[in-house]
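Report on the structure given below.
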Amino acid sequence: MSGPVYLLKAIKYGNDIDSVDGIARLIANHYYKTVHGYEDYYGHPFNTAFMGISNYLPTGKVIGATPCGRKDGEPLSEGVSPFAGSDTATPLAAMRSAAKLNQDMHSGGTLLNLRLQSELVETKRGRSNLGAMIQAFFSLGAFHVQFNTLSTETLRDAQAHPENYRDLLVRVAGYSTQFVNLSRSMQDAIIARSVHDKF
Amino acid sequence: MTTGYLIDVQHFSVNDGDGIRSTIFFAGCNMRCQWCANPESFTTFDKILHSAASCIACGRCEMVCPYGVGIDLSDPMERQKCRSCGRCVGVCPSGSRRSAIRQVSVEELIKEVEKYRLFYRYSGGGITFSGGEASRQLRFLDELSEALYDSGIDLALETNGDFDYEQMKPILSRLAMCFIDIKHLDPKAHRRWTGVSNDNTLENIKRIGQTDLPLIIRIPLIETVNAKDDLIREIARWLKAHVRRPRIELLPYHAYGEIKYQALGLRPPDKRFATPSNDLIARLEAIITQEGVTLEHFK
């Protein structure tokens, strides 16, 4: 390839590319080694976890623009999920990337969030494929994944007409809640998580 | 090292056979179906795609172009000057310029799909060869399918059926499923819409229909071309008469390919091509079932 590589175009974690996924793994290992060296009041080493729940929003607010192309104040990535919008390959690739971290080291939990278009799980075939995906992911050494299966149109419409969607539940992180009760920026963050579509 | 020309490899395909699959889209086709959703697959020569929607008009493509092509490659005047050298693709920061075709070796492709083996295994999936027309790159398809078959991966083929049966036999013997299109039953109408007669396709359907290879006939269902009661009934009857286990899947036309025509600077498909209404689809499905043909849905 000729010419400079631009930040937004640079390869990113979450697309099953070893060179960048390896960096994520290095950082995760470093985090574990450092934190594990400290002991709590009872003399036990501290655990590590990749499950910020919804903390990726407030944490992002106080962190300036980052070299990956994320703007000042925007949400960080959550858990071991790829940064919103950077996992452009497939959910399978995102799973393979996440499984490359030493998942069993982080006994506090590793959180992978994926959104699937609702059509993918509308049929029996689709649900059976979803089951197979989860089995394959776990056999790669991972132990947590959760899905949102809503269409982007539905969510946008819910933003515009919250009165019609009082009962619309979304899984935010470790919990599910009413979409309409979330802050606008939280709603935007959920919509921005890559929608994995079929072709 | 045998290489082939592809337009794309789509992992996590769930509509082209059983389970979770990777669909390999071959470049090059002998038909020119006027509604084609993959017009970049017409030939194996590279073409540069230009997506106006994501272009930020920075002008880097214009600076490196040795042929003086401007930013808007969708403009027929600019498109005329393009020699598809691909220099702009390397410098485009937004991914608006993209090569439509990539050349890949059997070994490289196997390495790429090997990553997904677990997902195939757990879901009962595998690999589907599609296109363009996969049978046009016979030697590549032969070597690729042999290597994949030997490593125990489930294989399917989606084809227009216009191939030399004797030459394709070894490849067909490795398949777990075969999809062949019937776009029209009348050879004249078929030539009108696709540029090619369907004699050979129908002959190959008869031959495969007498073997044990599971065969699904796909009909791209298009308003003004073939979404008609009589024609669908005729196809179902013909199939029942010539194939041991007749199975049909209807694929209603969609206009998603139109954006690709724009990106290639080509004239988009006829506006009269339309997606049939749900009522019409239901009626045609009922006709197929009445004729004793199994209706399939890979959804």
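For the structure tokens, the naming scheme is as follows: chains receive sequential letters (A, B, ...) according to their order of presentation, residues are indexed from 1 within each chain, and ligands are indexed from 1 in presentation order.
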Original post:
Where does DSSP see strand (DSSP E) in segment 132-249 of chain B, if you list the residues as a list in words?
Top reply: Asp154, Leu155, Ala156, Leu157, Glu158, Thr159, Met177, Cys178, Phe179, Ile180, Asp181, Leu215, Ile216, Ile217, Arg218, Ile219, Pro220, Leu221, Arg247, Ile248 and Glu249 of chain B
Subject >> Surrounding residues of Thr154 of chain A excluding itself and chain neighbours under 3 positions, 10 Å, only C-alpha atoms, as a list in words >> reply: Leu150, Ser151, Asp157, Ala158, Gln159, Ala160, Tyr165, Leu168 and Ile191 of chain A
Original post:
Quick one: residues within 9 Å of Arg272 of chain B, only C-alpha atoms counted, chain neighbours fewer than 2 positions away excluded, as JSON, numbers by chain?
Top reply: {"B": [223, 224, 269, 270, 274]}
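Here atom CA of Ser51 of chain B is placed at a distance of 4.8 Å from atom CA of Ser96 of chain B.
Neighbouring residues of segment 189-200 of chain B at 8 Å or closer, counting only C-alpha atoms and skipping chain neighbours under 2 positions away, are Asn30, Met31, Arg32, Cys33, Gln34, Gly161, Asp162, Phe163, Lys183, His184, Leu185, Asp186, Pro187, Leu202, Glu203, Asn204 and Val225 of chain B.
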**OP:** Could you give me, as a ChimeraX atom specification, the residues within 10 Å of Gly60 of chain A, counting only C-alpha atoms and dropping anything in the same chain fewer than 3 positions from it?
**Re:** /A:55-57,63-65,70-77
May I have the selected residues written with N, CA and C atoms, as a PDB file, in the first residue's frame?
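File result-v1.pdb, as written:
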ATOM      1  N   ASN A  55     -19.935   2.251  32.976  1.00  0.00           N
ATOM      2  CA  ASN A  55     -18.915   3.251  33.291  1.00  0.00           C
ATOM      3  C   ASN A  55     -18.162   3.775  32.081  1.00  0.00           C
ATOM      4  N   TYR A  56     -18.309   3.075  30.949  1.00  0.00           N
ATOM      5  CA  TYR A  56     -17.569   3.533  29.769  1.00  0.00           C
ATOM      6  C   TYR A  56     -18.063   4.893  29.294  1.00  0.00           C
ATOM      7  N   LEU A  57     -19.274   5.273  29.714  1.00  0.00           N
ATOM      8  CA  LEU A  57     -19.792   6.602  29.343  1.00  0.00           C
ATOM      9  C   LEU A  57     -19.159   7.723  30.176  1.00  0.00           C
ATOM     10  N   ILE A  63     -11.952  11.767  29.405  1.00  0.00           N
ATOM     11  CA  ILE A  63     -10.741  11.407  28.666  1.00  0.00           C
ATOM     12  C   ILE A  63     -10.761  12.096  27.309  1.00  0.00           C
ATOM     13  N   GLY A  64      -9.664  12.763  27.013  1.00  0.00           N
ATOM     14  CA  GLY A  64      -9.575  13.530  25.775  1.00  0.00           C
ATOM     15  C   GLY A  64      -9.558  12.638  24.548  1.00  0.00           C
ATOM     16  N   ALA A  65      -9.420  13.246  23.378  1.00  0.00           N
ATOM     17  CA  ALA A  65      -9.384  12.505  22.119  1.00  0.00           C
ATOM     18  C   ALA A  65      -8.243  11.492  22.158  1.00  0.00           C
ATOM     19  N   ARG A  70     -11.096   8.304  18.235  1.00  0.00           N
ATOM     20  CA  ARG A  70     -12.194   8.640  19.144  1.00  0.00           C
ATOM     21  C   ARG A  70     -12.069  10.095  19.573  1.00  0.00           C
ATOM     22  N   LYS A  71     -13.188  10.813  19.564  1.00  0.00           N
ATOM     23  CA  LYS A  71     -13.149  12.236  19.872  1.00  0.00           C
ATOM     24  C   LYS A  71     -13.199  12.479  21.379  1.00  0.00           C
ATOM     25  N   ASP A  72     -12.818  13.677  21.770  1.00  0.00           N
ATOM     26  CA  ASP A  72     -12.826  14.097  23.173  1.00  0.00           C
ATOM     27  C   ASP A  72     -14.207  13.888  23.781  1.00  0.00           C
ATOM     28  N   GLY A  73     -14.254  13.175  24.906  1.00  0.00           N
ATOM     29  CA  GLY A  73     -15.518  13.029  25.624  1.00  0.00           C
ATOM     30  C   GLY A  73     -16.419  11.903  25.156  1.00  0.00           C
ATOM     31  N   GLU A  74     -16.106  11.292  24.030  1.00  0.00           N
ATOM     32  CA  GLU A  74     -16.952  10.197  23.533  1.00  0.00           C
ATOM     33  C   GLU A  74     -16.754   8.953  24.403  1.00  0.00           C
ATOM     34  N   PRO A  75     -17.741   8.041  24.404  1.00  0.00           N
ATOM     35  CA  PRO A  75     -17.621   6.838  25.226  1.00  0.00           C
ATOM     36  C   PRO A  75     -16.376   6.029  24.864  1.00  0.00           C
ATOM     37  N   LEU A  76     -15.831   5.314  25.863  1.00  0.00           N
ATOM     38  CA  LEU A  76     -14.746   4.371  25.590  1.00  0.00           C
ATOM     39  C   LEU A  76     -15.355   3.067  25.086  1.00  0.00           C
ATOM     40  N   SER A  77     -14.497   2.094  24.838  1.00  0.00           N
ATOM     41  CA  SER A  77     -15.046   0.768  24.519  1.00  0.00           C
ATOM     42  C   SER A  77     -15.484   0.142  25.827  1.00  0.00           C
TER      43      SER A  77
END
Subject >> Leu112 of chain A surroundings by only C-alpha atoms, 7 Å radius, close-in-sequence under 5 positions cut, as an MDAnalysis selection string >> reply: chainID A and resid 79:81 144:146
Subject >> At most 12 Å to chain A: residues in chain B, only C-alpha atoms, as an MDAnalysis selection string >> reply: chainID B and resid 8:23 25 37:38 60:61 63:64 86:96 112:113 115:125 254 256:257 297:299
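We find atom CA of Arg25 of chain A and atom CA of Thr149 of chain A to be spaced 28.2 Å apart.
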**OP:** Check the DSSP output for the backbone and give back, as a PyMOL selection string, the residues of segment 82-258 of chain B in helix (DSSP H, G or I).
**Re:** chain B and resi 87-91+106-114+117-123+134-136+138-150+165-172+187-194+199-209+229-242+258
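In this comparison, which uses only C-alpha atoms, the residue of A:Arg127, A:Arg156, A:Arg184, A:Ile53 approaching Asn113 of chain A most closely is A:Ile53.
Proximity of B:Ser135, B:Ile288, B:Met177, B:Ile171 to Ile235 of chain B, computed with only C-alpha atoms, is greatest for B:Ile288.
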